[in-house]
Structures are given as structure tokens and as C-alpha cells.
>>> print(open('entry30.cif').read())   # mmCIF, C-alpha atoms
data_structure
#
loop_
_atom_site.group_PDB
_atom_site.id
_atom_site.type_symbol
_atom_site.label_atom_id
_atom_site.label_comp_id
_atom_site.auth_asym_id
_atom_site.auth_seq_id
_atom_site.Cartn_x
_atom_site.Cartn_y
_atom_site.Cartn_z
ATOM 1 C CA MET R 24 78.976 148.680 213.592
ATOM 2 C CA PHE R 25 81.190 145.665 213.178
ATOM 3 C CA LYS R 26 80.733 142.227 214.736
ATOM 4 C CA TYR R 27 83.219 139.406 214.772
ATOM 5 C CA ILE R 28 82.715 135.909 213.353
ATOM 6 C CA LYS R 29 85.192 133.549 214.954
ATOM 7 C CA LYS R 30 86.493 132.074 211.697
ATOM 8 C CA MET R 31 88.596 133.147 208.709
ATOM 9 C CA GLU R 32 87.086 134.087 205.351
ATOM 10 C CA TYR R 33 89.362 131.344 203.949
ATOM 11 C CA PRO R 34 91.207 128.914 206.267
ATOM 12 C CA ILE R 35 94.913 129.419 207.029
ATOM 13 C CA ASN R 36 96.756 126.256 208.064
ATOM 14 C CA ILE R 37 100.471 126.615 207.365
ATOM 15 C CA ARG R 38 102.565 123.668 208.505
ATOM 16 C CA ASN R 39 106.059 124.706 207.401
ATOM 17 C CA LYS R 40 108.060 127.516 208.942
ATOM 18 C CA ASP R 41 109.364 129.977 206.317
ATOM 19 C CA LEU R 42 110.832 133.198 207.682
ATOM 20 C CA LYS R 43 111.636 134.682 204.291
ATOM 21 C CA MET R 44 108.041 134.306 203.136
ATOM 22 C CA ALA R 45 106.857 135.786 206.455
ATOM 23 C CA LYS R 46 108.935 138.879 205.701
ATOM 24 C CA ASN R 47 107.738 139.016 202.080
ATOM 25 C CA LEU R 48 104.097 138.724 203.137
ATOM 26 C CA LEU R 49 104.429 141.847 205.288
ATOM 27 C CA ALA R 50 104.068 143.728 201.963
ATOM 28 C CA GLN R 51 100.371 142.808 202.101
ATOM 29 C CA TYR R 52 100.059 143.602 205.817
ATOM 30 C CA GLY R 53 101.485 147.095 206.330
ATOM 31 C CA GLY R 54 102.549 147.965 202.764
ATOM 32 C CA PRO R 55 101.110 150.739 200.545
ATOM 33 C CA ASP R 56 98.847 148.314 198.643
ATOM 34 C CA GLY R 57 98.393 145.923 201.542
ATOM 35 C CA GLU R 58 95.140 144.764 203.078
ATOM 36 C CA PHE R 59 95.367 147.108 206.066
ATOM 37 C CA ALA R 60 95.670 150.116 203.739
ATOM 38 C CA ALA R 61 92.886 148.830 201.476
ATOM 39 C CA SER R 62 90.454 148.317 204.342
ATOM 40 C CA MET R 63 91.095 151.727 205.905
ATOM 41 C CA ARG R 64 90.994 153.426 202.470
ATOM 42 C CA TYR R 65 87.536 152.096 201.540
ATOM 43 C CA LEU R 66 86.032 152.434 205.008
ATOM 44 C CA ASN R 67 87.232 156.051 204.978
ATOM 45 C CA GLN R 68 86.211 156.917 201.406
ATOM 46 C CA ARG R 69 82.689 155.519 201.816
ATOM 47 C CA PHE R 70 81.675 158.620 203.787
ATOM 48 C CA SER R 71 82.072 160.745 200.658
ATOM 49 C CA MET R 72 80.523 158.410 198.068
ATOM 50 C CA PRO R 73 77.670 160.191 196.274
ATOM 51 C CA ASP R 74 74.903 157.577 196.494
ATOM 52 C CA GLU R 75 73.724 154.385 198.166
ATOM 53 C CA ARG R 76 75.524 152.117 195.674
ATOM 54 C CA GLY R 77 78.883 153.637 196.463
ATOM 55 C CA ARG R 78 78.307 153.707 200.202
ATOM 56 C CA ALA R 79 77.270 150.025 200.103
ATOM 57 C CA LEU R 80 80.120 148.822 197.883
ATOM 58 C CA LEU R 81 82.873 150.703 199.734
ATOM 59 C CA THR R 82 81.515 149.499 203.099
ATOM 60 C CA ASP R 83 81.290 145.866 202.021
ATOM 61 C CA ILE R 84 84.675 145.746 200.283
ATOM 62 C CA GLY R 85 86.256 147.621 203.211
ATOM 63 C CA VAL R 86 84.874 144.987 205.599
ATOM 64 C CA GLU R 87 86.022 142.146 203.353
ATOM 65 C CA GLU R 88 89.537 143.617 203.383
ATOM 66 C CA LEU R 89 89.502 143.372 207.195
ATOM 67 C CA ASN R 90 89.075 139.621 206.692
ATOM 68 C CA HIS R 91 92.122 139.721 204.459
ATOM 69 C CA VAL R 92 94.150 141.622 207.073
ATOM 70 C CA GLU R 93 93.335 138.761 209.440
ATOM 71 C CA MET R 94 94.362 136.122 206.864
ATOM 72 C CA ILE R 95 97.713 137.812 206.164
ATOM 73 C CA ALA R 96 98.360 138.251 209.898
ATOM 74 C CA ALA R 97 97.635 134.545 210.474
ATOM 75 C CA MET R 98 99.949 133.573 207.618
ATOM 76 C CA VAL R 99 102.822 135.708 208.957
ATOM 77 C CA MET R 100 102.398 134.399 212.525
ATOM 78 C CA GLN R 101 102.169 130.753 211.422
ATOM 79 C CA LEU R 102 105.195 131.075 209.106
ATOM 80 C CA MET R 103 107.212 132.514 212.036
ATOM 81 C CA ASN R 104 105.981 129.994 214.584
ATOM 82 C CA GLY R 105 108.882 128.755 216.761
ATOM 83 C CA ALA R 106 111.549 130.756 214.918
ATOM 84 C CA SER R 107 114.918 131.065 216.644
ATOM 85 C CA LYS R 108 116.979 134.278 216.693
ATOM 86 C CA ALA R 109 119.398 132.700 214.211
ATOM 87 C CA GLU R 110 116.557 131.886 211.794
ATOM 88 C CA LEU R 111 115.125 135.407 212.112
ATOM 89 C CA ASP R 112 118.587 136.808 211.430
ATOM 90 C CA GLU R 113 119.047 134.691 208.318
ATOM 91 C CA ALA R 114 115.735 136.011 206.918
ATOM 92 C CA GLY R 115 116.653 139.635 207.670
ATOM 93 C CA LEU R 116 114.128 139.874 210.498
ATOM 94 C CA THR R 117 116.518 140.840 213.309
ATOM 95 C CA PRO R 118 115.521 144.546 213.204
ATOM 96 C CA GLN R 119 111.862 143.442 213.415
ATOM 97 C CA TYR R 120 112.757 141.264 216.430
ATOM 98 C CA VAL R 121 114.617 144.111 218.170
ATOM 99 C CA GLN R 122 111.593 146.406 218.047
ATOM 100 C CA HIS R 123 108.686 143.945 218.152
ATOM 101 C CA ASP R 124 109.981 140.520 219.298
ATOM 102 C CA HIS R 125 107.737 137.896 217.591
ATOM 103 C CA ALA R 126 104.735 140.253 217.509
ATOM 104 C CA LEU R 127 103.005 141.621 214.436
ATOM 105 C CA PHE R 128 103.568 145.217 213.425
ATOM 106 C CA PRO R 129 102.239 146.853 210.243
ATOM 107 C CA VAL R 130 105.327 147.374 208.101
ATOM 108 C CA ASP R 131 106.018 146.500 204.466
ATOM 109 C CA ALA R 132 108.471 143.856 203.197
ATOM 110 C CA ASN R 133 111.330 146.349 203.676
ATOM 111 C CA GLY R 134 110.306 147.151 207.267
ATOM 112 C CA VAL R 135 108.867 150.578 206.340
ATOM 113 C CA PRO R 136 106.038 151.356 208.789
ATOM 114 C CA PHE R 137 102.440 151.810 207.679
ATOM 115 C CA THR R 138 101.495 155.431 207.119
ATOM 116 C CA ALA R 139 98.157 157.245 206.753
ATOM 117 C CA THR R 140 99.077 158.541 203.269
ATOM 118 C CA TYR R 141 98.216 155.041 201.972
ATOM 119 C CA ILE R 142 94.561 155.847 202.719
ATOM 120 C CA GLU R 143 94.479 158.096 199.614
ATOM 121 C CA THR R 144 91.229 160.045 199.804
ATOM 122 C CA THR R 145 90.493 163.089 197.622
ATOM 123 C CA GLY R 146 86.757 163.608 198.153
ATOM 124 C CA ASP R 147 86.297 163.344 194.361
ATOM 125 C CA TYR R 148 84.497 160.023 193.930
ATOM 126 C CA ILE R 149 85.753 159.394 190.393
ATOM 127 C CA ALA R 150 89.348 160.076 191.420
ATOM 128 C CA ASP R 151 88.900 157.880 194.505
ATOM 129 C CA LEU R 152 87.407 154.975 192.542
ATOM 130 C CA GLU R 153 90.143 155.144 189.891
ATOM 131 C CA SER R 154 92.723 155.162 192.657
ATOM 132 C CA ASP R 155 90.971 152.147 194.235
ATOM 133 C CA MET R 156 91.024 150.287 190.908
ATOM 134 C CA ALA R 157 94.749 150.976 190.564
ATOM 135 C CA ALA R 158 95.356 149.843 194.152
ATOM 136 C CA GLU R 159 93.553 146.555 193.445
ATOM 137 C CA GLN R 160 95.727 146.014 190.361
ATOM 138 C CA ARG R 161 98.916 146.713 192.320
ATOM 139 C CA ALA R 162 97.799 144.291 195.040
ATOM 140 C CA ARG R 163 97.037 141.656 192.370
ATOM 141 C CA ALA R 164 100.558 142.102 190.971
ATOM 142 C CA THR R 165 102.029 141.832 194.493
ATOM 143 C CA TYR R 166 100.159 138.547 195.051
ATOM 144 C CA GLU R 167 101.569 137.238 191.766
ATOM 145 C CA HIS R 168 105.090 138.163 192.908
ATOM 146 C CA LEU R 169 104.492 136.421 196.251
ATOM 147 C CA MET R 170 103.132 133.307 194.486
ATOM 148 C CA SER R 171 106.259 133.161 192.319
ATOM 149 C CA LEU R 172 108.421 132.971 195.471
ATOM 150 C CA THR R 173 106.956 129.822 197.071
ATOM 151 C CA ASN R 174 106.002 126.223 196.228
ATOM 152 C CA ASP R 175 104.111 125.637 199.485
ATOM 153 C CA PRO R 176 100.461 124.747 198.706
ATOM 154 C CA ASP R 177 99.490 125.875 202.242
ATOM 155 C CA LEU R 178 100.487 129.389 201.112
ATOM 156 C CA LEU R 179 99.538 129.182 197.437
ATOM 157 C CA GLY R 180 95.887 128.328 198.204
ATOM 158 C CA PRO R 181 95.159 131.474 200.230
ATOM 159 C CA LEU R 182 97.393 133.643 198.017
ATOM 160 C CA SER R 183 95.517 132.609 194.880
ATOM 161 C CA PHE R 184 92.192 133.237 196.680
ATOM 162 C CA LEU R 185 93.362 136.720 197.702
ATOM 163 C CA ARG R 186 94.695 137.436 194.206
ATOM 164 C CA GLN R 187 91.302 136.676 192.658
ATOM 165 C CA ARG R 188 89.538 138.890 195.228
ATOM 166 C CA GLU R 189 91.637 141.802 193.920
ATOM 167 C CA VAL R 190 90.378 141.023 190.393
ATOM 168 C CA VAL R 191 86.751 140.960 191.581
ATOM 169 C CA HIS R 192 87.079 144.177 193.586
ATOM 170 C CA PHE R 193 88.741 145.917 190.638
ATOM 171 C CA ASN R 194 85.773 144.967 188.446
ATOM 172 C CA ARG R 195 83.135 146.069 190.944
ATOM 173 C CA PHE R 196 84.876 149.435 191.436
ATOM 174 C CA LYS R 197 85.027 149.821 187.661
ATOM 175 C CA GLU R 198 81.310 148.992 187.270
ATOM 176 C CA LEU R 199 80.475 151.588 189.917
ATOM 177 C CA LYS R 200 82.693 154.218 188.284
ATOM 178 C CA ASP R 201 81.145 153.500 184.843
ATOM 179 C CA TYR R 202 77.680 153.839 186.386
ATOM 180 C CA TYR R 203 78.577 157.191 187.967
ATOM 181 C CA GLU R 204 80.083 158.527 184.749
ATOM 182 C CA LYS R 205 76.884 157.641 182.930
ATOM 183 C CA ASN R 206 74.379 158.760 185.557
ATOM 184 C CA MET R 207 75.858 161.552 187.639
ATOM 185 C CA ASN R 208 76.148 165.133 186.483
ATOM 186 C CA SER R 209 79.156 166.153 188.475
ATOM 187 C CA MET K 8 74.421 140.633 182.484
ATOM 188 C CA TYR K 9 74.616 137.845 185.114
ATOM 189 C CA ASN K 10 70.921 137.078 184.896
ATOM 190 C CA SER K 11 71.010 133.339 185.220
ATOM 191 C CA THR K 12 72.375 130.920 187.795
ATOM 192 C CA ASN K 13 74.496 129.478 184.975
ATOM 193 C CA ASP K 14 76.795 132.420 185.372
ATOM 194 C CA LEU K 15 77.729 131.396 188.903
ATOM 195 C CA PHE K 16 80.065 128.666 190.078
ATOM 196 C CA GLU K 17 78.703 126.172 192.594
ATOM 197 C CA PRO K 18 79.489 127.551 196.088
ATOM 198 C CA TYR K 19 82.458 125.234 196.745
ATOM 199 C CA GLN K 20 83.977 125.776 193.292
ATOM 200 C CA GLY K 21 83.478 129.518 193.650
ATOM 201 C CA PHE K 22 84.946 129.549 197.147
ATOM 202 C CA ILE K 23 88.203 127.799 196.229
ATOM 203 C CA ARG K 24 88.578 130.156 193.251
ATOM 204 C CA GLY K 25 87.802 133.271 195.297
ATOM 205 C CA ASN K 26 85.040 134.152 192.852
ATOM 206 C CA MET K 27 81.388 133.168 192.284
ATOM 207 C CA PHE K 28 80.999 134.877 188.901
ATOM 208 C CA LYS K 29 82.334 132.880 185.954
ATOM 209 C CA SER K 30 82.685 135.991 183.810
ATOM 210 C CA LEU K 31 85.045 137.635 186.334
ATOM 211 C CA TYR K 32 87.245 134.614 186.959
ATOM 212 C CA ASP K 33 90.828 135.271 185.900
ATOM 213 C CA ASN K 34 92.403 131.816 185.856
ATOM 214 C CA TYR K 35 95.931 131.976 187.256
ATOM 215 C CA GLY K 36 97.294 128.452 187.309
ATOM 216 C CA LYS K 37 96.279 125.723 189.680
ATOM 217 C CA VAL K 38 93.053 125.702 191.703
ATOM 218 C CA TYR K 39 93.692 124.633 195.322
ATOM 219 C CA ASP K 40 91.178 122.366 197.042
ATOM 220 C CA ILE K 41 90.433 122.799 200.734
ATOM 221 C CA LYS K 42 91.438 119.580 202.509
ATOM 222 C CA PRO K 43 89.584 119.432 205.845
ATOM 223 C CA MET K 44 91.462 117.336 208.436
ATOM 224 C CA ASN K 45 88.409 116.294 210.467
ATOM 225 C CA GLU K 46 84.607 116.520 210.669
ATOM 226 C CA GLN K 47 84.719 119.938 212.299
ATOM 227 C CA ALA K 48 86.914 121.366 209.540
ATOM 228 C CA GLU K 49 84.628 119.792 206.943
ATOM 229 C CA LEU K 50 81.541 121.469 208.403
ATOM 230 C CA LEU K 51 83.491 124.733 208.612
ATOM 231 C CA THR K 52 84.317 124.442 204.906
ATOM 232 C CA TYR K 53 80.572 124.284 204.120
ATOM 233 C CA LEU K 54 80.040 127.349 206.254
ATOM 234 C CA ASP K 55 82.993 129.130 204.620
ATOM 235 C CA MET K 56 81.704 128.477 201.121
ATOM 236 C CA PHE K 57 78.153 129.726 201.785
ATOM 237 C CA GLU K 58 79.454 132.718 203.711
ATOM 238 C CA PHE K 59 81.818 133.493 200.830
ATOM 239 C CA ALA K 60 79.052 133.169 198.229
ATOM 240 C CA MET K 61 77.044 135.745 200.210
ATOM 241 C CA ILE K 62 79.988 138.151 200.353
ATOM 242 C CA ASP K 63 80.665 137.904 196.621
ATOM 243 C CA ILE K 64 77.035 138.048 195.473
ATOM 244 C CA GLY K 65 76.481 140.886 197.945
ATOM 245 C CA LEU K 66 79.143 143.005 196.237
ATOM 246 C CA TYR K 67 77.449 142.391 192.893
ATOM 247 C CA LEU K 68 74.056 143.405 194.311
ATOM 248 C CA ASP K 69 75.536 146.630 195.696
ATOM 249 C CA VAL K 70 76.230 147.677 192.109
ATOM 250 C CA PHE K 71 73.246 145.916 190.439
ATOM 251 C CA PRO K 72 70.501 146.279 193.066
ATOM 252 C CA ASN K 73 67.609 145.514 190.683
ATOM 253 C CA ASP K 74 68.510 141.919 189.826
ATOM 254 C CA ALA K 75 65.583 140.040 191.415
ATOM 255 C CA ASN K 76 66.897 136.657 190.310
ATOM 256 C CA MET K 77 70.218 137.243 192.055
ATOM 257 C CA ILE K 78 68.444 138.468 195.184
ATOM 258 C CA ALA K 79 66.539 135.158 195.250
ATOM 259 C CA ILE K 80 69.814 133.251 194.911
ATOM 260 C CA TYR K 81 71.325 135.332 197.717
ATOM 261 C CA ASN K 82 68.436 134.446 200.009
ATOM 262 C CA ASN K 83 68.609 130.730 199.220
ATOM 263 C CA ILE K 84 72.303 130.716 200.046
ATOM 264 C CA LYS K 85 71.665 132.692 203.221
ATOM 265 C CA ASN K 86 69.140 130.053 204.387
ATOM 266 C CA GLU K 87 71.670 127.278 203.744
ATOM 267 C CA LYS K 88 74.340 129.269 205.576
ATOM 268 C CA ASN K 89 72.120 129.795 208.613
ATOM 269 C CA LYS K 90 71.383 126.054 208.882
ATOM 270 C CA ILE K 91 75.072 125.135 208.736
ATOM 271 C CA MET K 92 75.982 127.902 211.178
ATOM 272 C CA GLU K 93 73.464 126.630 213.736
ATOM 273 C CA LYS K 94 74.672 123.049 213.345
ATOM 274 C CA TYR K 95 78.311 124.122 213.660
ATOM 275 C CA GLU K 96 77.713 126.155 216.808
ATOM 276 C CA GLU K 97 75.680 123.347 218.396
ATOM 277 C CA ASN K 98 78.563 120.942 217.870
ATOM 278 C CA TYR K 99 81.666 123.078 218.212
ATOM 279 C CA GLY K 100 80.762 126.217 220.144
ATOM 280 C CA PRO K 101 79.898 129.831 219.406
ATOM 281 C CA LEU K 102 81.110 131.652 216.281
ATOM 282 C CA THR K 103 79.465 134.975 217.095
ATOM 283 C CA LEU K 104 78.268 136.795 220.185
ATOM 284 C CA ASN K 105 74.706 136.119 218.958
ATOM 285 C CA SER K 106 75.138 132.392 219.375
ATOM 286 C CA ASN K 107 72.523 130.260 221.182
ATOM 287 C CA GLU K 108 75.479 128.519 222.854
ATOM 288 C CA LEU K 109 76.304 131.529 225.025
ATOM 289 C CA ASN K 110 73.677 130.787 227.700
ATOM 290 C CA LYS K 111 75.977 128.508 229.726
ATOM 291 C CA THR K 112 78.375 129.071 232.604
ATOM 292 C CA PRO K 113 81.290 129.400 232.267
ATOM 293 C CA TRP K 114 81.195 131.812 229.336
ATOM 294 C CA GLU K 115 81.952 129.846 226.182
ATOM 295 C CA TRP K 116 83.125 132.615 223.848
ATOM 296 C CA ASP K 117 86.753 132.237 224.858
ATOM 297 C CA LYS K 118 86.760 128.433 225.133
ATOM 298 C CA THR K 119 87.141 127.556 221.454
ATOM 299 C CA PRO K 120 90.369 128.287 219.550
ATOM 300 C CA TRP K 121 90.791 131.535 217.651
ATOM 301 C CA PRO K 122 90.859 131.047 213.896
ATOM 302 C CA TRP K 123 94.572 131.817 213.496
ATOM 303 C CA GLU K 124 95.472 129.097 216.009
ATOM 304 C CA VAL K 125 96.195 125.784 214.306
#
>>> encode(input="entry30.cif", output="C-alpha cells")
Amino acid sequence: MFKYIKKMEYPINIRNKDLKMAKNLLAQYGGPDGEFAASMRYLNQRFSMPDERGRALLTDIGVEELNHVEMIAAMVMQLMNGASKAELDEAGLTPQYVQHDHALFPVDANGVPFTATYIETTGDYIADLESDMAAEQRARATYEHLMSLTNDPDLLGPLSFLRQREVVHFNRFKELKDYYEKNMNS
Amino acid sequence: MYNSTNDLFEPYQGFIRGNMFKSLYDNYGKVYDIKPMNEQAELLTYLDMFEFAMIDIGLYLDVFPNDANMIAIYNNIKNEKNKIMEKYEENYGPLTLNSNELNKTPWEWDKTPWPWEV
């Protein structure tokens, strides 16, 4: 069961419109290593984790990723706030406007829609955890690319927070995998 | 591993870094302070940092469930968080559907801004 807390995990207060960064940030909304995919992946995989540690860790990281979905969504919406059709066009967002107006839709930075294959579940907990570790590393790299494309501290603060969360999640998944390799006779 | 409080950042320092555990911190350039614009945002920052500390320490305890010292730290932080949460809701309205502030008419849940609204 999930309950809402009416606040962000980390505050998002973006003052400057930036349509290009809005488009770039979609990578972490509906992209293959985005927060939406991460959350659904862990909340799905937790049902086939072999013990209480795995079920707890995948649940809690999956829930934390929902907070990150909300942060990315807020960033995209605030960056696009008050954008004209001409500004959307200049940033390459006209196709997005045609189908979705100013609304959010889970696509990646190229406009490719989210797909269930990103949820990557094999039922083999070692394979799943190694895939999760790799996904965290790819998301970390994506955050570094995004950080290299802006000088706006309103964006850099939350992006550096999110980047470090990928590092922490990677390490916790690795600790769990190491524990299973040592303790489980699979 | 991680048996003493010395291995943790203070809640605010951990929060702005996205990481409570010094050994896992991967420094990547500048650290960005939170700059609250008013008293409400300042109180929210306290809440954010304690809530964050609980999330991060919670993940650690999922994998290392026998660390009694860390469980004590978790509970201390939780008590701090609860105090701030109550104070925040008293002053600025409900944050959850469990809030004590939801006993009034009209219904207050939808009266305060959503967190993505600036």
C-alpha cells in the first residue's frame, strides 16, 4: 500500500524557462534507464526476491524511485512553464506539442515512448540484481551528461542529488547480491 | 562496517549530498545548498533532511538488519522527524491524509499547493 506525502523528496524550484533542458530531462522520465522504468522494475522484481532482505530493499528503492519520477516531472513542467509554440519548436518539441500539448507523457529525450521491456525481469535474482546495478550506473552516467549541459543551479542541485542516489542504490544492490552469492545455495 | 555515527553525515549535509554514508559518497563537483525563501520553506527543509536520512538509513538496514546502533540512530531521527512534521502541519496544513489538520470543514487536503507548484 502506498500513501502520499505532499512534498518532494528534494525541493524543485526552477525559475528559468529552458525548453532544451526540458526535452533532455525526458530521458530520465520515460527513457530506458529513467526513474519511471527504475521504479516499475524494482516494484515488479521484488515479488521474486528470495528472502526478506531482497523484498525490503527492492520495495524501498522502488518507492524512492517514485519520488524521483515526481522530481523529474516537476523539473520538466517548470522548465516548460509559459512556453510559446515558437519556443517549443526551437527546442524540437513541436511533435510533443502536437500529441500532448503542454502535458507530460513518458517518452525519452528522442520522443520514443516508454515501453514495458524496460522493466527487465528474469525471475533469476542474481541476474535481476546485476541488471539493476547496471541500470543504476547507466542512470548515473545520464545524470552526468545532463549536468554537463546546464549551468543553472536550480537544475544542478536536484540533478547532483539524483546522481548520488544512483551511486547509493548501486552499492546497496551490490551488497545484497554479494550477500546472496555467499549465503544462498541456488 | 558503518558501526559508528562518525560514518554518517549530519542530516543536512547528507541531504544536500543525496547520501548519509560518508563511505558511499562519490564527490562530483560542487555541493548545492538548499536556500529556503521563507520560514515555511525553512521548516520544510528540516523535514526534508530528516525524512531523507530515514530513507537512506532504511536502505542500509534492509541489507544490514542486525546493526543495533544504526537502528537506534534511525529511531532518534524518526522522533525528530515526527516533531517537525507535526509543527509543519500545524502551521501550514496537512502533508498526509493522516494529518491532525483534517478535522475541519472545508476539507483542507486540497487547500495547500502541490509540491510541484512554485
>>> interface_residues(input="entry30.cif", of="chain R", to="chain K", cutoff="10 Å", atoms="all atoms listed in the file", output="ChimeraX atom specification")
/R:26-38,75-84,86-87,93-98,100-101,167,176-177,179-192,194-196,198-200,202
>>> atom_distance(input="entry30.cif", atom1="atom CA of Glu204 of chain R", atom2="atom CA of Asp14 of chain K")
26.3 Å
>>> closest_residue(input="entry30.cif", among="R:Ala157, R:Ile142, R:Val135, R:Ile149", to="Asn67 of chain R", atoms="all atoms listed in the file")
R:Ile142
>>> resolve_selection(input="entry30.cif", expression="the PyMOL selection byres ((chain K and resi 85) around 12)", output="ChimeraX atom specification")
/K:18,54-62,64-65,78-84,86-92
>>> write_last_selection(input="entry30.cif", atoms="C-alpha atoms", output="short mmCIF file (atom, residue, chain, number, x, y, z; two decimals), keeping the file's coordinate frame")
data_model
loop_
_atom_site.label_atom_id
_atom_site.label_comp_id
_atom_site.auth_asym_id
_atom_site.auth_seq_id
_atom_site.Cartn_x
_atom_site.Cartn_y
_atom_site.Cartn_z
CA PRO K 18 79.49 127.55 196.09
CA LEU K 54 80.04 127.35 206.25
CA ASP K 55 82.99 129.13 204.62
CA MET K 56 81.70 128.48 201.12
CA PHE K 57 78.15 129.73 201.78
CA GLU K 58 79.45 132.72 203.71
CA PHE K 59 81.82 133.49 200.83
CA ALA K 60 79.05 133.17 198.23
CA MET K 61 77.04 135.74 200.21
CA ILE K 62 79.99 138.15 200.35
CA ILE K 64 77.04 138.05 195.47
CA GLY K 65 76.48 140.89 197.94
CA ILE K 78 68.44 138.47 195.18
CA ALA K 79 66.54 135.16 195.25
CA ILE K 80 69.81 133.25 194.91
CA TYR K 81 71.32 135.33 197.72
CA ASN K 82 68.44 134.45 200.01
CA ASN K 83 68.61 130.73 199.22
CA ILE K 84 72.30 130.72 200.05
CA ASN K 86 69.14 130.05 204.39
CA GLU K 87 71.67 127.28 203.74
CA LYS K 88 74.34 129.27 205.58
CA ASN K 89 72.12 129.79 208.61
CA LYS K 90 71.38 126.05 208.88
CA ILE K 91 75.07 125.14 208.74
CA MET K 92 75.98 127.90 211.18
#
>>> residues_around(input="entry30.cif", residues="Leu49 of chain R", least_positions_apart="5", cutoff="9 Å", atoms="all atoms listed in the file", output="number ranges by chain")
R: 44, 54, 57, 95-96, 99, 128-134
>>> atom_distance(input="entry30.cif", atom1="atom CA of Asp56 of chain R", atom2="atom CA of Lys43 of chain R")
19.5 Å
